[in-house]
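Dropping target_12.csv in here (CSV, C-alpha atoms):
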chain,number,residue,atom,x,y,z
A,714,MET,CA,19.6,-25.9,-2.9
A,715,LYS,CA,20.9,-23.4,-5.5
A,716,LYS,CA,17.6,-21.6,-5.3
A,717,ILE,CA,17.8,-21.3,-1.6
A,718,PHE,CA,21.4,-20.0,-1.9
A,719,PHE,CA,20.5,-17.4,-4.5
A,720,ALA,CA,17.5,-16.3,-2.4
A,721,VAL,CA,19.7,-15.8,0.6
A,722,VAL,CA,22.3,-13.8,-1.4
A,723,LEU,CA,19.5,-11.7,-2.9
A,724,LEU,CA,18.0,-11.0,0.5
A,725,PHE,CA,21.5,-10.1,1.8
A,726,ILE,CA,22.0,-7.6,-1.2
A,727,VAL,CA,18.5,-6.1,-0.6
A,728,SER,CA,19.2,-5.7,3.1
A,729,ILE,CA,22.5,-3.9,2.3
A,730,ALA,CA,20.7,-1.6,-0.2
A,731,ILE,CA,18.0,-0.7,2.3
A,732,ALA,CA,20.6,0.0,5.0
A,733,GLN,CA,22.5,2.2,2.6
A,734,GLU,CA,19.3,4.1,1.7
A,735,LYS,CA,18.2,4.7,5.3
A,736,LYS,CA,18.2,8.4,5.9
A,737,VAL,CA,20.6,9.6,8.5
A,738,ASP,CA,18.7,11.1,11.4
A,739,SER,CA,19.8,14.5,12.5
A,740,TRP,CA,18.4,14.0,16.0
A,741,THR,CA,20.1,10.6,16.7
A,742,ASP,CA,22.7,9.7,14.1
A,743,GLY,CA,25.4,12.2,15.0
A,744,LYS,CA,28.1,12.6,17.6
A,745,TYR,CA,29.4,15.3,19.9
A,746,VAL,CA,32.9,16.7,19.0
A,747,LYS,CA,34.8,19.0,21.4
A,748,VAL,CA,35.8,22.2,19.6
A,749,ASN,CA,37.4,25.1,21.3
A,750,GLY,CA,36.0,24.0,24.7
A,751,ALA,CA,32.4,23.4,23.5
A,752,ASN,CA,30.5,20.3,22.4
A,753,LEU,CA,29.3,20.6,18.8
A,754,TRP,CA,26.8,18.2,17.4
A,755,VAL,CA,28.1,16.8,14.1
A,756,VAL,CA,26.1,14.6,11.6
A,757,THR,CA,27.8,13.1,8.6
A,758,VAL,CA,26.1,11.7,5.5
A,759,GLY,CA,27.7,9.6,2.8
A,760,GLU,CA,31.3,8.8,2.0
A,761,GLY,CA,33.9,10.5,-0.2
A,762,ASP,CA,35.6,13.9,-0.2
A,763,PRO,CA,34.5,16.0,2.8
A,764,ILE,CA,32.2,19.0,2.4
A,765,ILE,CA,31.5,21.0,5.5
A,766,ILE,CA,28.1,22.8,5.3
A,767,ILE,CA,28.0,26.1,7.3
A,768,PRO,CA,24.5,27.2,8.1
A,769,GLY,CA,23.1,30.7,7.9
A,770,GLY,CA,21.5,33.0,10.4
A,771,PRO,CA,23.5,33.8,12.3
A,772,GLY,CA,21.8,31.5,14.7
A,773,GLY,CA,20.6,28.7,12.4
A,774,ALA,CA,21.1,25.0,13.1
A,775,HIS,CA,22.0,22.4,10.5
A,776,ILE,CA,18.6,20.8,10.2
A,777,GLY,CA,17.4,23.2,7.5
A,778,TYR,CA,20.3,22.2,5.2
A,779,ARG,CA,19.6,18.5,4.8
A,780,ASP,CA,18.5,19.4,1.2
A,781,PHE,CA,22.2,19.0,0.3
A,782,ASP,CA,22.0,15.2,1.0
A,783,PRO,CA,21.8,14.4,-2.7
A,784,LEU,CA,25.4,15.5,-3.1
A,785,THR,CA,26.4,12.2,-1.5
A,786,LYS,CA,25.4,10.4,-4.7
A,787,SER,CA,28.4,11.9,-6.3
A,788,HIS,CA,30.9,10.5,-3.8
A,789,HIS,CA,30.9,13.4,-1.4
A,790,GLN,CA,30.7,13.1,2.4
A,791,ILE,CA,28.5,15.9,3.7
A,792,ILE,CA,29.5,17.1,7.2
A,793,TYR,CA,26.6,18.9,8.9
A,794,PHE,CA,27.1,20.5,12.3
A,795,ASP,CA,25.3,22.8,14.8
A,796,ALA,CA,27.7,25.7,15.5
A,797,PHE,CA,28.3,27.0,19.0
A,798,GLY,CA,25.0,28.2,20.4
A,799,ARG,CA,22.8,26.5,17.8
A,800,GLY,CA,20.8,23.3,17.7
A,801,LYS,CA,22.0,20.5,19.9
A,802,SER,CA,25.4,22.1,20.5
A,803,ASP,CA,26.5,23.9,23.7
A,804,THR,CA,25.3,27.4,24.3
A,805,ALA,CA,27.2,30.3,25.8
A,806,LYS,CA,26.7,31.5,29.4
A,807,ASN,CA,27.3,35.0,28.1
A,808,VAL,CA,26.0,36.1,24.7
A,809,ALA,CA,29.2,38.1,24.2
A,810,GLU,CA,30.9,34.8,23.5
A,811,TYR,CA,29.1,34.6,20.1
A,812,THR,CA,31.4,36.2,17.5
A,813,LEU,CA,32.2,35.9,13.9
A,814,ASP,CA,35.9,35.2,14.8
A,815,ARG,CA,34.7,32.3,17.1
A,816,ASP,CA,32.6,30.8,14.3
A,817,ILE,CA,35.6,31.0,11.9
A,818,GLU,CA,38.0,29.4,14.4
A,819,ASP,CA,35.4,26.7,15.1
A,820,ILE,CA,35.6,25.5,11.5
A,821,GLU,CA,39.3,25.0,11.8
A,822,GLY,CA,38.8,23.3,15.2
A,823,LEU,CA,36.1,21.0,13.6
A,824,ARG,CA,38.5,20.1,10.8
A,825,LYS,CA,41.2,19.2,13.2
A,826,ALA,CA,38.9,17.3,15.5
A,827,LEU,CA,37.6,15.2,12.6
A,828,ASN,CA,41.2,14.5,11.5
A,829,LEU,CA,40.7,16.0,8.0
A,830,ASP,CA,43.5,17.4,5.9
A,831,ARG,CA,41.9,19.5,3.2
A,832,VAL,CA,38.1,20.1,2.9
A,833,THR,CA,35.6,21.8,0.8
A,834,VAL,CA,33.6,24.4,2.7
A,835,LEU,CA,30.1,25.4,1.6
A,836,GLY,CA,28.7,28.4,3.4
A,837,HIS,CA,25.2,29.6,2.8
A,838,SER,CA,24.0,33.2,3.7
A,839,TYR,CA,25.7,34.1,7.0
A,840,GLY,CA,27.5,30.8,6.7
A,841,GLY,CA,29.2,32.2,3.6
A,842,VAL,CA,30.5,35.1,5.7
A,843,VAL,CA,32.2,32.5,8.0
A,844,ALA,CA,33.4,30.6,4.9
A,845,GLN,CA,35.1,33.6,3.4
A,846,GLY,CA,36.8,34.4,6.7
A,847,TYR,CA,38.0,30.8,6.9
A,848,GLY,CA,39.2,30.8,3.4
A,849,LEU,CA,41.2,33.9,3.9
A,850,LYS,CA,42.7,32.7,7.2
A,851,TYR,CA,43.3,29.0,6.5
A,852,PRO,CA,43.7,28.7,2.8
A,853,ASP,CA,46.0,25.7,3.0
A,854,HIS,CA,43.3,23.5,4.4
A,855,LEU,CA,40.7,24.3,1.7
A,856,SER,CA,40.4,22.3,-1.6
A,857,HIS,CA,37.4,24.3,-2.8
A,858,LEU,CA,35.3,27.2,-1.5
A,859,ILE,CA,31.6,27.5,-2.2
A,860,LEU,CA,29.7,30.7,-1.3
A,861,ALA,CA,26.0,30.4,-1.6
A,862,ASP,CA,23.6,33.4,-1.5
A,863,THR,CA,26.0,35.3,0.8
A,864,PHE,CA,27.4,38.7,1.6
A,865,HIS,CA,30.8,40.2,0.9
A,866,SER,CA,30.6,43.1,3.4
A,867,PHE,CA,28.6,44.9,6.0
A,868,VAL,CA,27.6,47.2,3.2
A,869,MET,CA,25.8,44.3,1.4
A,870,TRP,CA,24.2,43.2,4.7
A,871,GLN,CA,22.8,46.7,5.2
A,872,GLU,CA,21.4,46.6,1.7
A,873,ASN,CA,19.7,43.3,2.8
A,874,ASP,CA,18.0,45.3,5.6
A,875,ASP,CA,17.1,48.2,3.4
A,876,ASN,CA,15.7,46.1,0.6
A,877,SER,CA,13.7,43.8,2.9
A,878,ASN,CA,12.2,46.7,4.7
A,879,ARG,CA,11.3,48.5,1.4
A,880,GLU,CA,9.6,45.3,0.2
A,881,ILE,CA,7.7,45.0,3.5
A,882,LYS,CA,6.6,48.6,3.4
A,883,THR,CA,5.4,48.3,-0.2
A,884,ASN,CA,3.7,44.9,0.0
A,885,TYR,CA,2.7,44.5,3.6
A,886,PRO,CA,1.8,48.0,4.6
A,887,GLU,CA,-0.4,46.8,7.5
A,888,ILE,CA,2.6,45.0,9.1
A,889,TRP,CA,4.8,48.0,8.4
A,890,GLU,CA,2.3,50.3,10.1
A,891,LYS,CA,2.5,48.1,13.2
A,892,LEU,CA,6.3,48.2,13.2
A,893,MET,CA,6.4,51.9,12.8
A,894,THR,CA,4.0,52.4,15.7
A,895,ILE,CA,6.1,50.4,18.2
A,896,ARG,CA,9.4,51.8,16.8
A,897,LYS,CA,8.1,55.3,17.5
A,898,GLN,CA,7.6,54.1,21.0
A,899,GLY,CA,11.2,53.1,21.2
A,900,ALA,CA,11.1,49.4,20.2
A,901,VAL,CA,14.1,47.9,18.3
A,902,SER,CA,14.6,44.7,16.3
A,903,SER,CA,15.7,42.5,19.3
A,904,ASP,CA,12.5,43.3,21.3
A,905,GLN,CA,10.1,40.4,21.5
A,906,LEU,CA,7.1,42.3,20.2
A,907,HIS,CA,9.2,43.7,17.3
A,908,GLN,CA,10.3,40.1,16.4
A,909,GLU,CA,6.7,38.9,16.5
A,910,ILE,CA,5.4,41.6,14.2
A,911,TYR,CA,8.4,41.3,11.8
A,912,GLY,CA,7.8,37.5,11.7
A,913,GLN,CA,4.3,38.0,10.3
A,914,VAL,CA,5.9,38.6,6.9
A,915,PRO,CA,5.8,35.1,5.1
A,916,TYR,CA,9.2,33.6,4.8
A,917,GLY,CA,8.6,32.9,1.1
A,918,PHE,CA,7.9,36.5,0.3
A,919,LEU,CA,11.5,37.6,1.0
A,920,TYR,CA,13.3,34.4,0.3
A,921,ALA,CA,11.7,32.5,-2.5
A,922,TYR,CA,10.9,32.5,-6.2
A,923,ASP,CA,8.2,29.9,-5.6
A,924,PRO,CA,6.8,30.5,-2.0
A,925,SER,CA,4.8,27.2,-2.2
A,926,LYS,CA,8.0,25.3,-1.8
A,927,PHE,CA,8.4,26.7,1.7
A,928,GLU,CA,4.8,26.6,3.0
A,929,SER,CA,4.6,23.2,4.6
A,930,ASP,CA,7.0,21.8,7.2
A,931,ASP,CA,6.0,18.4,8.6
A,932,SER,CA,9.3,17.7,10.3
A,933,LYS,CA,9.4,17.2,14.0
A,934,PRO,CA,10.7,20.0,16.2
A,935,TYR,CA,14.5,20.4,16.4
A,936,PRO,CA,16.2,21.8,19.5
A,937,ASN,CA,17.2,25.5,19.3
A,938,PRO,CA,16.8,25.7,15.5
A,939,ASN,CA,17.2,29.5,15.5
A,940,ASN,CA,18.9,31.3,18.4
A,941,THR,CA,17.5,34.8,18.3
A,942,LYS,CA,19.7,36.0,21.2
A,943,LEU,CA,22.8,34.9,19.2
A,944,TYR,CA,21.4,36.6,16.1
A,945,TYR,CA,20.9,40.0,17.7
A,946,GLN,CA,24.2,39.8,19.5
A,947,MET,CA,25.9,39.5,16.2
A,948,VAL,CA,23.8,41.8,14.0
A,949,GLY,CA,23.2,44.4,16.6
A,950,LYS,CA,20.2,45.1,18.8
A,951,ASP,CA,18.4,46.9,15.9
A,952,GLY,CA,19.9,44.6,13.3
A,953,ASP,CA,16.8,44.3,11.1
A,954,PHE,CA,17.1,48.0,10.4
A,955,ILE,CA,20.7,49.1,11.1
A,956,VAL,CA,23.5,46.4,11.2
A,957,GLY,CA,25.9,46.6,14.1
A,958,SER,CA,28.2,44.5,16.2
A,959,ASP,CA,30.3,41.9,14.1
A,960,ILE,CA,28.0,42.1,11.1
A,961,GLY,CA,28.2,45.9,11.1
A,962,THR,CA,32.0,45.8,10.6
A,963,PHE,CA,33.1,42.8,8.5
A,964,ASP,CA,34.4,43.6,5.0
A,965,TYR,CA,36.1,41.1,2.7
A,966,ARG,CA,35.8,43.1,-0.6
A,967,GLN,CA,39.4,44.0,-1.0
A,968,LYS,CA,40.7,40.6,0.2
A,969,LEU,CA,38.7,38.2,-2.0
A,970,LYS,CA,41.1,38.6,-5.0
A,971,ASN,CA,43.8,36.9,-2.9
A,972,LEU,CA,42.0,33.6,-2.6
A,973,LYS,CA,44.0,30.9,-4.4
A,974,MET,CA,41.7,27.9,-4.1
A,975,PRO,CA,38.9,27.3,-6.6
A,976,VAL,CA,35.9,29.4,-5.7
A,977,LEU,CA,32.3,29.1,-6.7
A,978,ILE,CA,29.8,31.9,-5.9
A,979,TYR,CA,26.1,31.6,-6.6
A,980,SER,CA,23.0,33.5,-6.0
A,981,GLY,CA,19.3,33.5,-6.8
A,982,ARG,CA,17.7,36.0,-9.1
A,983,PHE,CA,14.7,36.5,-6.8
A,984,ASP,CA,16.7,36.7,-3.6
A,985,ARG,CA,15.4,39.8,-1.8
A,986,VAL,CA,17.9,39.3,1.0
A,987,ALA,CA,21.3,38.8,-0.7
A,988,VAL,CA,20.2,41.1,-3.4
A,989,PRO,CA,21.4,40.3,-7.0
A,990,TRP,CA,22.8,43.8,-7.8
A,991,MET,CA,25.2,43.5,-4.9
A,992,ALA,CA,25.8,39.8,-5.4
A,993,LEU,CA,27.1,40.6,-8.9
A,994,LYS,CA,29.8,42.7,-7.3
A,995,PHE,CA,31.5,39.5,-6.3
A,996,LYS,CA,32.6,39.3,-10.0
A,997,GLU,CA,34.6,42.5,-9.3
A,998,TYR,CA,35.9,41.6,-5.9
A,999,CYS,CA,36.7,38.0,-6.6
A,1000,PRO,CA,37.3,37.9,-10.4
A,1001,GLN,CA,39.0,34.4,-10.3
A,1002,ALA,CA,35.8,32.8,-9.0
A,1003,GLU,CA,33.1,31.0,-11.0
A,1004,PHE,CA,29.8,32.9,-10.7
A,1005,VAL,CA,26.4,31.5,-11.3
A,1006,MET,CA,22.9,33.1,-11.1
A,1007,PHE,CA,20.0,30.7,-10.6
A,1008,GLU,CA,17.1,32.3,-12.5
A,1009,LYS,CA,14.2,30.6,-10.7
A,1010,SER,CA,15.5,30.7,-7.2
A,1011,GLY,CA,15.4,33.1,-4.2
A,1012,HIS,CA,17.7,32.6,-1.3
A,1013,ASN,CA,17.8,28.8,-1.5
A,1014,PRO,CA,18.6,27.3,-4.9
A,1015,GLN,CA,19.2,24.0,-3.1
A,1016,VAL,CA,15.4,23.9,-2.5
A,1017,GLU,CA,14.1,25.6,-5.6
A,1018,GLU,CA,16.5,24.4,-8.3
A,1019,PRO,CA,18.2,21.4,-6.7
A,1020,GLU,CA,19.1,19.5,-9.8
A,1021,LYS,CA,20.7,22.5,-11.4
A,1022,ASP,CA,22.4,23.6,-8.2
A,1023,PHE,CA,23.9,20.1,-7.5
A,1024,ALA,CA,25.0,19.8,-11.1
A,1025,VAL,CA,26.9,23.1,-10.9
A,1026,ILE,CA,28.5,22.1,-7.6
A,1027,ASN,CA,29.5,18.7,-8.8
A,1028,ALA,CA,31.0,20.1,-12.0
A,1029,PHE,CA,32.9,22.7,-9.9
A,1030,LEU,CA,34.3,20.1,-7.5
A,1031,ALA,CA,35.4,17.9,-10.4
A,1032,LYS,CA,37.8,20.6,-11.5

Let me see the file written as structure tokens.
Amino acid sequence: MKKIFFAVVLLFIVSIAIAQEKKVDSWTDGKYVKVNGANLWVVTVGEGDPIIIIPGGPGGAHIGYRDFDPLTKSHHQIIYFDAFGRGKSDTAKNVAEYTLDRDIEDIEGLRKALNLDRVTVLGHSYGGVVAQGYGLKYPDHLSHLILADTFHSFVMWQENDDNSNREIKTNYPEIWEKLMTIRKQGAVSSDQLHQEIYGQVPYGFLYAYDPSKFESDDSKPYPNPNNTKLYYQMVGKDGDFIVGSDIGTFDYRQKLKNLKMPVLIYSGRFDRVAVPWMALKFKEYCPQAEFVMFEKSGHNPQVEEPEKDFAVINAFLAK
């Protein structure tokens, strides 16, 4: 009888462990939350102190950020969401509704809708632009601010354009020649043919230290993973060459010194987008922050050096 009892208990424990280890599904295991009049798709993983992950782009959905899941092992609850116009969330009837200010306000709306008091915000790339704006406008609701491979100003974003194009011209001259041909004919970044040619440059070339880590993608298709209409609305119609619109005007450089919450800023040495020489300027503009350079990463240390990245984040959050 005792053997049966212990077998039942063991089976119960194993079933709980399996249930706990079951990966949260971004397609089905979320919920819609009404934020500023729009339904935003929200997926939470783990339990503990809340961390809101703000995706990059602008225009990217949360699905590409599930690499942050391991942070839940250190008693953090990761809150992923598709911002307005991305992924499974509502889209705008008029692209003019997509603005940096709207994205900042939606973080505050999301915090309120989830009944959270103070949160950690981790913004990656464009998401870091939103995170900085949120930290400056709503500091009382932030416990920690993490800025990953991001931009402090339109000046830095323009350097992204200039450096990326310089690298393409040098290393992919055949693609560059195609671009120059259609640009002489009047094409700009937002034109479909221009996007197709620009997209011929391998992602790993501009964004990775080790491109092989980005070559295979066996995941099933996710709805609206990259909204290009939103992207060019916010960076300008020729935003791959000359930044305009909201991205052409934002500038946090003189304000970052006023942030009072703990701030972590990190970048990848081989990031050809958020270029290191400009990323290091964060030390000047936000001297109170902790700054880390990942020496074997490009634009995504959470993919290329995850153990080091998460150790840095956990140590920072423990302060």

Could you tell me how far atom CA of A:Gly957 sits from atom CA of A:Gly800, in Å to one decimal place?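 Distance reported for this atom pair: 24.1 Å.
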
Residues near stretch 930-940 of chain A, cut-off 10 Å, all atoms listed in the file, skip fewer than 5 positions along chain, as a PyMOL selection string: chain A and resi 739-740+769-777+795+798-802+804+945

Kindly assemble as CSV a list of the stretch 849-930 of chain A residues that lie within 10 Å of stretch 748-768 of chain A, each paired with its nearest atom pair and their distance in Å to one decimal, using all atoms listed in the file, sorted first by chain and then by ascending residue number.
residue,atom,partner,partner_atom,distance
A:Ser856,CA,A:Pro763,CA,9.7
A:His857,CA,A:Ile764,CA,9.1
A:Leu858,CA,A:Ile764,CA,9.6
A:Ile859,CA,A:Ile766,CA,9.5
A:Leu860,CA,A:Ile767,CA,9.9

Might you pull out every residue within 12 Å of A:Thr962, with all atoms listed in the file counted and same-chain residues fewer than 4 positions away left off, and present them as a count of residues only? 17

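Among the candidates A:Gln845, A:Gln946, A:Ser877, A:Ser838, the residue lying nearest to A:Ile820 is A:Gln845 (atoms considered: all atoms listed in the file).
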
Looking at A:Arg815, A:Lys942, A:Lys1009, A:His854, which one is nearest to A:Asp830, with distances taken over all atoms listed in the file?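 Of A:Arg815, A:Lys942, A:Lys1009, A:His854, the one nearest A:Asp830 is A:His854, counting all atoms listed in the file.
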